[in-house]
$ cat input-v6.cif   # mmCIF, N, CA and C atoms
data_data
#
loop_
_atom_site.label_atom_id
_atom_site.label_comp_id
_atom_site.auth_asym_id
_atom_site.auth_seq_id
_atom_site.Cartn_x
_atom_site.Cartn_y
_atom_site.Cartn_z
N MET A 1 -158.35 30.73 -196.48
CA MET A 1 -159.07 29.56 -196.03
C MET A 1 -158.18 28.66 -195.16
N THR A 2 -156.92 28.54 -195.56
CA THR A 2 -155.99 27.69 -194.81
C THR A 2 -155.76 28.23 -193.40
N ILE A 3 -155.66 29.54 -193.30
CA ILE A 3 -155.45 30.16 -191.99
C ILE A 3 -156.66 29.92 -191.10
N PHE A 4 -157.85 30.00 -191.66
CA PHE A 4 -159.07 29.75 -190.90
C PHE A 4 -159.10 28.32 -190.37
N LEU A 5 -158.76 27.34 -191.21
CA LEU A 5 -158.74 25.94 -190.78
C LEU A 5 -157.67 25.69 -189.72
N LEU A 6 -156.51 26.34 -189.87
CA LEU A 6 -155.45 26.20 -188.89
C LEU A 6 -155.88 26.77 -187.53
N ALA A 7 -156.53 27.92 -187.54
CA ALA A 7 -157.02 28.53 -186.30
C ALA A 7 -158.09 27.66 -185.65
N LEU A 8 -158.98 27.10 -186.45
CA LEU A 8 -160.04 26.22 -185.95
C LEU A 8 -159.45 24.97 -185.33
N PHE A 9 -158.44 24.39 -185.99
CA PHE A 9 -157.79 23.19 -185.48
C PHE A 9 -157.09 23.47 -184.15
N SER A 10 -156.40 24.62 -184.03
CA SER A 10 -155.70 24.94 -182.78
C SER A 10 -156.68 25.18 -181.64
N LEU A 11 -157.83 25.77 -181.91
CA LEU A 11 -158.85 25.96 -180.87
C LEU A 11 -159.42 24.63 -180.41
N THR A 12 -159.62 23.71 -181.34
CA THR A 12 -160.13 22.39 -181.01
C THR A 12 -159.13 21.63 -180.14
N ALA A 13 -157.84 21.72 -180.47
CA ALA A 13 -156.80 21.04 -179.69
C ALA A 13 -156.69 21.64 -178.30
N ALA A 14 -156.82 22.95 -178.19
CA ALA A 14 -156.71 23.61 -176.88
C ALA A 14 -157.89 23.25 -175.99
N ALA A 15 -159.06 23.00 -176.56
CA ALA A 15 -160.24 22.65 -175.78
C ALA A 15 -160.11 21.28 -175.14
N GLN A 16 -159.22 20.43 -175.64
CA GLN A 16 -159.06 19.08 -175.13
C GLN A 16 -158.13 19.01 -173.91
N VAL A 17 -157.38 20.07 -173.64
CA VAL A 17 -156.45 20.09 -172.52
C VAL A 17 -157.22 20.35 -171.23
N ALA A 18 -156.90 19.58 -170.18
CA ALA A 18 -157.58 19.74 -168.89
C ALA A 18 -157.18 21.06 -168.25
N ASP A 19 -158.12 21.71 -167.63
CA ASP A 19 -157.88 22.98 -166.95
C ASP A 19 -157.23 22.71 -165.60
N PRO A 20 -155.99 23.18 -165.37
CA PRO A 20 -155.31 22.89 -164.10
C PRO A 20 -155.93 23.60 -162.90
N THR A 21 -156.77 24.62 -163.14
CA THR A 21 -157.40 25.32 -162.03
C THR A 21 -158.76 24.76 -161.67
N ARG A 22 -159.21 23.76 -162.42
CA ARG A 22 -160.51 23.13 -162.18
C ARG A 22 -160.46 22.32 -160.90
N PRO A 23 -161.45 22.44 -160.01
CA PRO A 23 -161.47 21.63 -158.79
C PRO A 23 -161.42 20.14 -159.12
N ALA A 24 -160.82 19.37 -158.22
CA ALA A 24 -160.59 17.95 -158.46
C ALA A 24 -161.87 17.17 -158.69
N ASP A 25 -162.97 17.57 -158.08
CA ASP A 25 -164.20 16.79 -158.20
C ASP A 25 -165.14 17.33 -159.27
N ALA A 26 -164.73 18.33 -160.05
CA ALA A 26 -165.60 18.90 -161.08
C ALA A 26 -165.58 18.03 -162.33
N SER A 27 -166.66 18.09 -163.11
CA SER A 27 -166.75 17.34 -164.35
C SER A 27 -165.92 18.02 -165.42
N MET A 28 -165.45 17.22 -166.36
CA MET A 28 -164.73 17.76 -167.51
C MET A 28 -165.74 18.37 -168.46
N ALA A 29 -165.26 19.14 -169.45
CA ALA A 29 -166.13 19.81 -170.40
C ALA A 29 -166.92 18.81 -171.24
N ASP A 30 -166.37 17.62 -171.48
CA ASP A 30 -167.07 16.62 -172.30
C ASP A 30 -168.04 15.78 -171.48
N GLY A 31 -168.22 16.12 -170.20
CA GLY A 31 -169.19 15.40 -169.37
C GLY A 31 -168.58 14.29 -168.54
N SER A 32 -167.33 13.94 -168.82
CA SER A 32 -166.70 12.89 -168.02
C SER A 32 -166.21 13.48 -166.72
N SER A 33 -165.99 12.62 -165.76
CA SER A 33 -165.53 13.07 -164.45
C SER A 33 -164.09 12.63 -164.27
N SER A 34 -163.29 13.45 -163.61
CA SER A 34 -161.92 13.06 -163.35
C SER A 34 -161.92 12.07 -162.19
N ASN A 35 -161.12 11.02 -162.29
CA ASN A 35 -161.06 10.02 -161.24
C ASN A 35 -159.88 10.33 -160.35
N THR A 36 -160.11 10.99 -159.24
CA THR A 36 -159.04 11.37 -158.34
C THR A 36 -158.87 10.39 -157.20
N GLY A 37 -159.72 9.41 -157.10
CA GLY A 37 -159.57 8.42 -156.06
C GLY A 37 -160.25 8.78 -154.75
N ASN A 38 -160.88 9.95 -154.66
CA ASN A 38 -161.62 10.26 -153.45
C ASN A 38 -163.04 10.60 -153.84
N SER A 39 -163.96 9.75 -153.45
CA SER A 39 -165.35 9.87 -153.87
C SER A 39 -166.04 11.10 -153.30
N LEU A 40 -165.58 11.59 -152.15
CA LEU A 40 -166.23 12.74 -151.53
C LEU A 40 -165.65 14.06 -152.01
N GLY A 41 -164.54 14.05 -152.72
CA GLY A 41 -163.98 15.27 -153.27
C GLY A 41 -163.10 16.05 -152.31
N LEU A 42 -162.01 15.46 -151.85
CA LEU A 42 -161.04 16.18 -151.03
C LEU A 42 -160.36 17.22 -151.91
N GLN A 43 -160.49 18.50 -151.52
CA GLN A 43 -160.00 19.58 -152.36
C GLN A 43 -158.76 20.26 -151.79
N ALA A 44 -158.63 20.34 -150.47
CA ALA A 44 -157.48 21.02 -149.87
C ALA A 44 -157.30 20.57 -148.44
N ILE A 45 -156.05 20.69 -147.97
CA ILE A 45 -155.73 20.40 -146.57
C ILE A 45 -154.84 21.53 -146.07
N ILE A 46 -155.18 22.07 -144.90
CA ILE A 46 -154.35 23.09 -144.26
C ILE A 46 -153.88 22.51 -142.93
N VAL A 47 -152.59 22.22 -142.85
CA VAL A 47 -152.02 21.61 -141.65
C VAL A 47 -151.48 22.72 -140.76
N ARG A 48 -151.96 22.74 -139.51
CA ARG A 48 -151.51 23.72 -138.52
C ARG A 48 -150.99 22.97 -137.31
N PRO A 49 -149.92 23.47 -136.69
CA PRO A 49 -149.41 22.81 -135.49
C PRO A 49 -150.43 22.84 -134.36
N GLY A 50 -150.45 21.81 -133.58
CA GLY A 50 -151.39 21.72 -132.45
C GLY A 50 -152.51 20.76 -132.77
N LYS A 51 -152.93 20.03 -131.78
CA LYS A 51 -153.96 19.02 -131.97
C LYS A 51 -155.30 19.66 -132.34
N GLY A 52 -155.90 19.18 -133.41
CA GLY A 52 -157.23 19.62 -133.82
C GLY A 52 -157.27 20.96 -134.53
N ARG A 53 -156.13 21.53 -134.89
CA ARG A 53 -156.14 22.83 -135.54
C ARG A 53 -156.12 22.73 -137.06
N SER A 54 -155.76 21.57 -137.61
CA SER A 54 -155.73 21.39 -139.06
C SER A 54 -157.14 21.35 -139.61
N THR A 55 -157.30 21.79 -140.85
CA THR A 55 -158.61 21.76 -141.51
C THR A 55 -158.47 21.16 -142.90
N ALA A 56 -159.59 20.72 -143.44
CA ALA A 56 -159.63 20.17 -144.79
C ALA A 56 -160.88 20.69 -145.48
N LEU A 57 -160.82 20.75 -146.79
CA LEU A 57 -161.97 21.15 -147.60
C LEU A 57 -162.44 19.92 -148.36
N ILE A 58 -163.61 19.40 -147.98
CA ILE A 58 -164.16 18.20 -148.60
C ILE A 58 -165.52 18.55 -149.18
N ALA A 59 -165.63 18.40 -150.50
CA ALA A 59 -166.88 18.69 -151.21
C ALA A 59 -167.41 20.08 -150.88
N GLY A 60 -166.51 21.06 -150.78
CA GLY A 60 -166.91 22.42 -150.51
C GLY A 60 -167.18 22.74 -149.05
N GLN A 61 -167.01 21.77 -148.16
CA GLN A 61 -167.28 21.95 -146.73
C GLN A 61 -165.95 21.95 -145.96
N THR A 62 -165.73 22.97 -145.14
CA THR A 62 -164.53 23.02 -144.30
C THR A 62 -164.76 22.18 -143.06
N VAL A 63 -163.84 21.24 -142.82
CA VAL A 63 -163.99 20.32 -141.68
C VAL A 63 -162.73 20.32 -140.83
N ARG A 64 -162.91 19.98 -139.56
CA ARG A 64 -161.81 19.82 -138.60
C ARG A 64 -161.87 18.41 -138.04
N LEU A 65 -160.89 18.08 -137.23
CA LEU A 65 -160.88 16.79 -136.56
C LEU A 65 -162.13 16.66 -135.72
N GLY A 66 -162.88 15.58 -135.89
CA GLY A 66 -164.12 15.35 -135.16
C GLY A 66 -165.36 15.80 -135.90
N SER A 67 -165.21 16.58 -136.98
CA SER A 67 -166.37 17.03 -137.76
C SER A 67 -166.99 15.86 -138.51
N LYS A 68 -168.23 16.03 -138.93
CA LYS A 68 -168.90 14.99 -139.71
C LYS A 68 -168.98 15.42 -141.17
N VAL A 69 -168.76 14.44 -142.04
CA VAL A 69 -168.94 14.60 -143.49
C VAL A 69 -169.96 13.55 -143.87
N GLY A 70 -171.20 13.97 -144.06
CA GLY A 70 -172.27 13.00 -144.27
C GLY A 70 -172.45 12.21 -142.99
N GLU A 71 -172.34 10.89 -143.10
CA GLU A 71 -172.48 10.01 -141.93
C GLU A 71 -171.14 9.61 -141.35
N LYS A 72 -170.04 10.15 -141.89
CA LYS A 72 -168.71 9.76 -141.43
C LYS A 72 -168.08 10.88 -140.62
N ARG A 73 -167.20 10.51 -139.69
CA ARG A 73 -166.53 11.47 -138.82
C ARG A 73 -165.05 11.55 -139.21
N VAL A 74 -164.50 12.77 -139.20
CA VAL A 74 -163.08 12.99 -139.51
C VAL A 74 -162.27 12.56 -138.29
N VAL A 75 -161.40 11.54 -138.48
CA VAL A 75 -160.59 11.04 -137.36
C VAL A 75 -159.12 11.39 -137.50
N LYS A 76 -158.69 11.82 -138.71
CA LYS A 76 -157.28 12.18 -138.89
C LYS A 76 -157.17 13.13 -140.07
N ILE A 77 -156.38 14.19 -139.89
CA ILE A 77 -156.04 15.09 -140.99
C ILE A 77 -154.52 15.14 -141.05
N ALA A 78 -153.96 14.65 -142.15
CA ALA A 78 -152.51 14.64 -142.33
C ALA A 78 -152.14 15.53 -143.51
N GLU A 79 -150.87 15.57 -143.81
CA GLU A 79 -150.35 16.44 -144.88
C GLU A 79 -150.99 16.17 -146.24
N ASN A 80 -151.25 14.92 -146.56
CA ASN A 80 -151.76 14.57 -147.88
C ASN A 80 -153.04 13.74 -147.84
N GLU A 81 -153.59 13.49 -146.66
CA GLU A 81 -154.78 12.65 -146.59
C GLU A 81 -155.66 13.00 -145.41
N VAL A 82 -156.93 12.62 -145.55
CA VAL A 82 -157.91 12.76 -144.47
C VAL A 82 -158.54 11.39 -144.28
N VAL A 83 -158.64 10.95 -143.03
CA VAL A 83 -159.23 9.65 -142.71
C VAL A 83 -160.60 9.88 -142.09
N LEU A 84 -161.60 9.22 -142.67
CA LEU A 84 -162.97 9.29 -142.18
C LEU A 84 -163.35 7.95 -141.59
N GLN A 85 -164.11 7.96 -140.49
CA GLN A 85 -164.59 6.73 -139.86
C GLN A 85 -166.11 6.70 -139.92
N GLY A 86 -166.63 5.61 -140.45
CA GLY A 86 -168.07 5.44 -140.53
C GLY A 86 -168.48 4.06 -140.07
N ASP A 87 -169.76 3.73 -140.24
CA ASP A 87 -170.27 2.42 -139.84
C ASP A 87 -169.61 1.29 -140.62
N ASN A 88 -169.20 1.56 -141.85
CA ASN A 88 -168.60 0.53 -142.70
C ASN A 88 -167.08 0.54 -142.63
N GLY A 89 -166.49 1.20 -141.65
CA GLY A 89 -165.04 1.23 -141.51
C GLY A 89 -164.46 2.58 -141.90
N GLN A 90 -163.16 2.57 -142.16
CA GLN A 90 -162.47 3.81 -142.49
C GLN A 90 -162.40 4.04 -143.99
N GLU A 91 -162.39 5.31 -144.38
CA GLU A 91 -162.18 5.71 -145.77
C GLU A 91 -161.07 6.75 -145.75
N ILE A 92 -160.06 6.53 -146.59
CA ILE A 92 -158.93 7.45 -146.68
C ILE A 92 -159.08 8.26 -147.95
N LEU A 93 -159.13 9.59 -147.80
CA LEU A 93 -159.19 10.50 -148.94
C LEU A 93 -157.80 11.10 -149.12
N ARG A 94 -157.26 11.00 -150.32
CA ARG A 94 -155.92 11.53 -150.60
C ARG A 94 -156.00 12.65 -151.63
N LEU A 95 -155.16 13.67 -151.44
CA LEU A 95 -155.10 14.75 -152.43
C LEU A 95 -154.50 14.25 -153.73
N THR A 96 -153.47 13.47 -153.65
CA THR A 96 -152.82 12.90 -154.83
C THR A 96 -152.79 11.39 -154.67
N PRO A 97 -153.88 10.72 -155.05
CA PRO A 97 -153.99 9.28 -154.78
C PRO A 97 -152.93 8.43 -155.47
N SER A 98 -152.40 8.87 -156.60
CA SER A 98 -151.44 8.03 -157.31
C SER A 98 -150.02 8.17 -156.74
N ILE A 99 -149.82 9.09 -155.80
CA ILE A 99 -148.50 9.30 -155.23
C ILE A 99 -148.49 8.82 -153.79
N GLN A 100 -147.60 7.90 -153.49
CA GLN A 100 -147.44 7.41 -152.13
C GLN A 100 -146.12 7.97 -151.60
N LYS A 101 -146.14 8.57 -150.43
CA LYS A 101 -144.96 9.17 -149.84
C LYS A 101 -144.32 8.18 -148.88
N ASN A 102 -143.07 7.80 -149.16
CA ASN A 102 -142.34 6.89 -148.30
C ASN A 102 -141.16 7.63 -147.70
N PRO A 103 -141.07 7.69 -146.37
CA PRO A 103 -139.94 8.40 -145.76
C PRO A 103 -138.63 7.68 -146.03
N VAL A 104 -137.60 8.47 -146.23
CA VAL A 104 -136.27 7.92 -146.47
C VAL A 104 -135.53 7.86 -145.14
N ALA A 105 -134.84 6.75 -144.90
CA ALA A 105 -134.09 6.60 -143.66
C ALA A 105 -132.91 7.57 -143.69
N LYS A 106 -132.73 8.30 -142.60
CA LYS A 106 -131.63 9.26 -142.51
C LYS A 106 -130.33 8.51 -142.26
N PRO A 107 -129.25 8.93 -142.94
CA PRO A 107 -127.97 8.27 -142.67
C PRO A 107 -127.47 8.63 -141.28
N ARG A 108 -126.78 7.69 -140.68
CA ARG A 108 -126.24 7.94 -139.34
C ARG A 108 -125.12 8.96 -139.44
N ALA A 109 -125.13 9.87 -138.51
CA ALA A 109 -124.09 10.89 -138.48
C ALA A 109 -122.78 10.28 -137.99
N THR A 110 -121.71 10.61 -138.68
CA THR A 110 -120.40 10.14 -138.24
C THR A 110 -119.68 11.31 -137.58
N THR A 111 -118.98 11.01 -136.51
CA THR A 111 -118.23 12.06 -135.82
C THR A 111 -116.76 11.85 -136.10
N PRO A 112 -116.07 12.91 -136.47
CA PRO A 112 -114.63 12.76 -136.71
C PRO A 112 -113.89 12.51 -135.39
N HIS A 113 -112.87 11.69 -135.47
CA HIS A 113 -112.09 11.33 -134.28
C HIS A 113 -110.87 12.25 -134.20
N VAL A 114 -111.12 13.47 -133.77
CA VAL A 114 -110.04 14.45 -133.63
C VAL A 114 -109.85 14.73 -132.16
N LYS A 115 -108.60 14.66 -131.72
CA LYS A 115 -108.32 14.94 -130.32
C LYS A 115 -108.42 16.44 -130.07
N GLN A 116 -109.15 16.79 -129.06
CA GLN A 116 -109.30 18.19 -128.68
C GLN A 116 -108.46 18.43 -127.43
N PRO A 117 -107.83 19.61 -127.36
CA PRO A 117 -107.07 19.91 -126.13
C PRO A 117 -108.02 20.06 -124.96
N PRO A 118 -107.60 19.69 -123.76
CA PRO A 118 -108.47 19.85 -122.60
C PRO A 118 -108.83 21.32 -122.40
N THR A 119 -110.03 21.55 -121.92
CA THR A 119 -110.46 22.92 -121.68
C THR A 119 -109.70 23.53 -120.51
N GLY A 120 -109.47 24.82 -120.59
CA GLY A 120 -108.78 25.51 -119.50
C GLY A 120 -107.27 25.56 -119.67
N THR A 121 -106.74 24.92 -120.70
CA THR A 121 -105.29 24.98 -120.93
C THR A 121 -105.03 25.87 -122.14
N SER A 122 -103.93 26.51 -122.13
CA SER A 122 -103.59 27.38 -123.26
C SER A 122 -102.48 26.76 -124.07
N LYS A 123 -102.48 27.05 -125.35
CA LYS A 123 -101.43 26.56 -126.24
C LYS A 123 -100.22 27.49 -126.14
N LYS A 124 -99.02 26.92 -126.21
CA LYS A 124 -97.80 27.73 -126.17
C LYS A 124 -97.05 27.60 -127.44
#

$ encode --input "input-v6.cif" --output "structure tokens"
Amino acid sequence: MTIFLLALFSLTAAAQVADPTRPADASMADGSSSNTGNSLGLQAIIVRPGKGRSTALIAGQTVRLGSKVGEKRVVKIAENEVVLQGDNGQEILRLTPSIQKNPVAKPRATTPHVKQPPTGTSKK
């Protein structure tokens, strides 16, 4: 009997863990929805070099720069966000809304002050 209760308890605990393969806009098993910060459901971004070649997956629809998502137009596709422009202004959809990426300033390169022999001369 104890083994049965232990197995039942472990199954119940495992059912409470969120599925990491579940799409960001899908509902949880208990009926609640995950709050990812993007109401339209930004699911993926594929960044390709060249203007207008990047694509994004929003609510199951593949979009490019200039495409429409509902009544809004895609005006920017970046590494972690998609910007939509509509009548009510811009909406920014982020893949990871709780993470803000701040670039770090690169340190200035220092050059060693070593005298070099003039070119064309040989050492003796």

$ atom_distance --input "input-v6.cif" --atom1 "atom N of A:Arg48" --atom2 "atom CA of A:Asn102"
20.5 Å

$ residues_near_point --input "input-v6.cif" --point "(-159.6, 19.7, -151.9)" --cutoff "6.5 Å" --atoms "only N, CA and C atoms" --output "compact mmCIF listing (two decimals) with N, CA and C atoms, keeping the file's coordinate frame"
# COMPACT_ATOMS: atom_id res chain seq x y z
N ALA A 24 -160.82 19.37 -158.22
CA ALA A 24 -160.59 17.95 -158.46
C ALA A 24 -161.87 17.17 -158.69
N GLY A 41 -164.54 14.05 -152.72
CA GLY A 41 -163.98 15.27 -153.27
C GLY A 41 -163.10 16.05 -152.31
N LEU A 42 -162.01 15.46 -151.85
CA LEU A 42 -161.04 16.18 -151.03
C LEU A 42 -160.36 17.22 -151.91
N GLN A 43 -160.49 18.50 -151.52
CA GLN A 43 -160.00 19.58 -152.36
C GLN A 43 -158.76 20.26 -151.79
N ALA A 44 -158.63 20.34 -150.47
CA ALA A 44 -157.48 21.02 -149.87
C ALA A 44 -157.30 20.57 -148.44
N ILE A 45 -156.05 20.69 -147.97
CA ILE A 45 -155.73 20.40 -146.57
C ILE A 45 -154.84 21.53 -146.07
N LEU A 57 -160.82 20.75 -146.79
CA LEU A 57 -161.97 21.15 -147.60
C LEU A 57 -162.44 19.92 -148.36
N ILE A 58 -163.61 19.40 -147.98
CA ILE A 58 -164.16 18.20 -148.60
C ILE A 58 -165.52 18.55 -149.18
N ALA A 59 -165.63 18.40 -150.50
CA ALA A 59 -166.88 18.69 -151.21
C ALA A 59 -167.41 20.08 -150.88

$ atom_distance --input "input-v6.cif" --atom1 "atom C of A:Leu93" --atom2 "atom CA of A:Ala78"
9.3 Å

$ closest_residue --input "input-v6.cif" --among "A:Gly66, A:Lys106, A:Ile46, A:Gly60" --to "A:Glu79" --atoms "all atoms listed in the file"
A:Ile46

$ atom_distance --input "input-v6.cif" --atom1 "atom CA of A:Thr96" --atom2 "atom C of A:Val82"
12.1 Å

$ resolve_selection --input "input-v6.cif" --expression "the PyMOL selection byres ((chain A and resi 75) around 7)" --output "PyMOL selection string"
chain A and resi 64-67+73-74+76-77+82-85
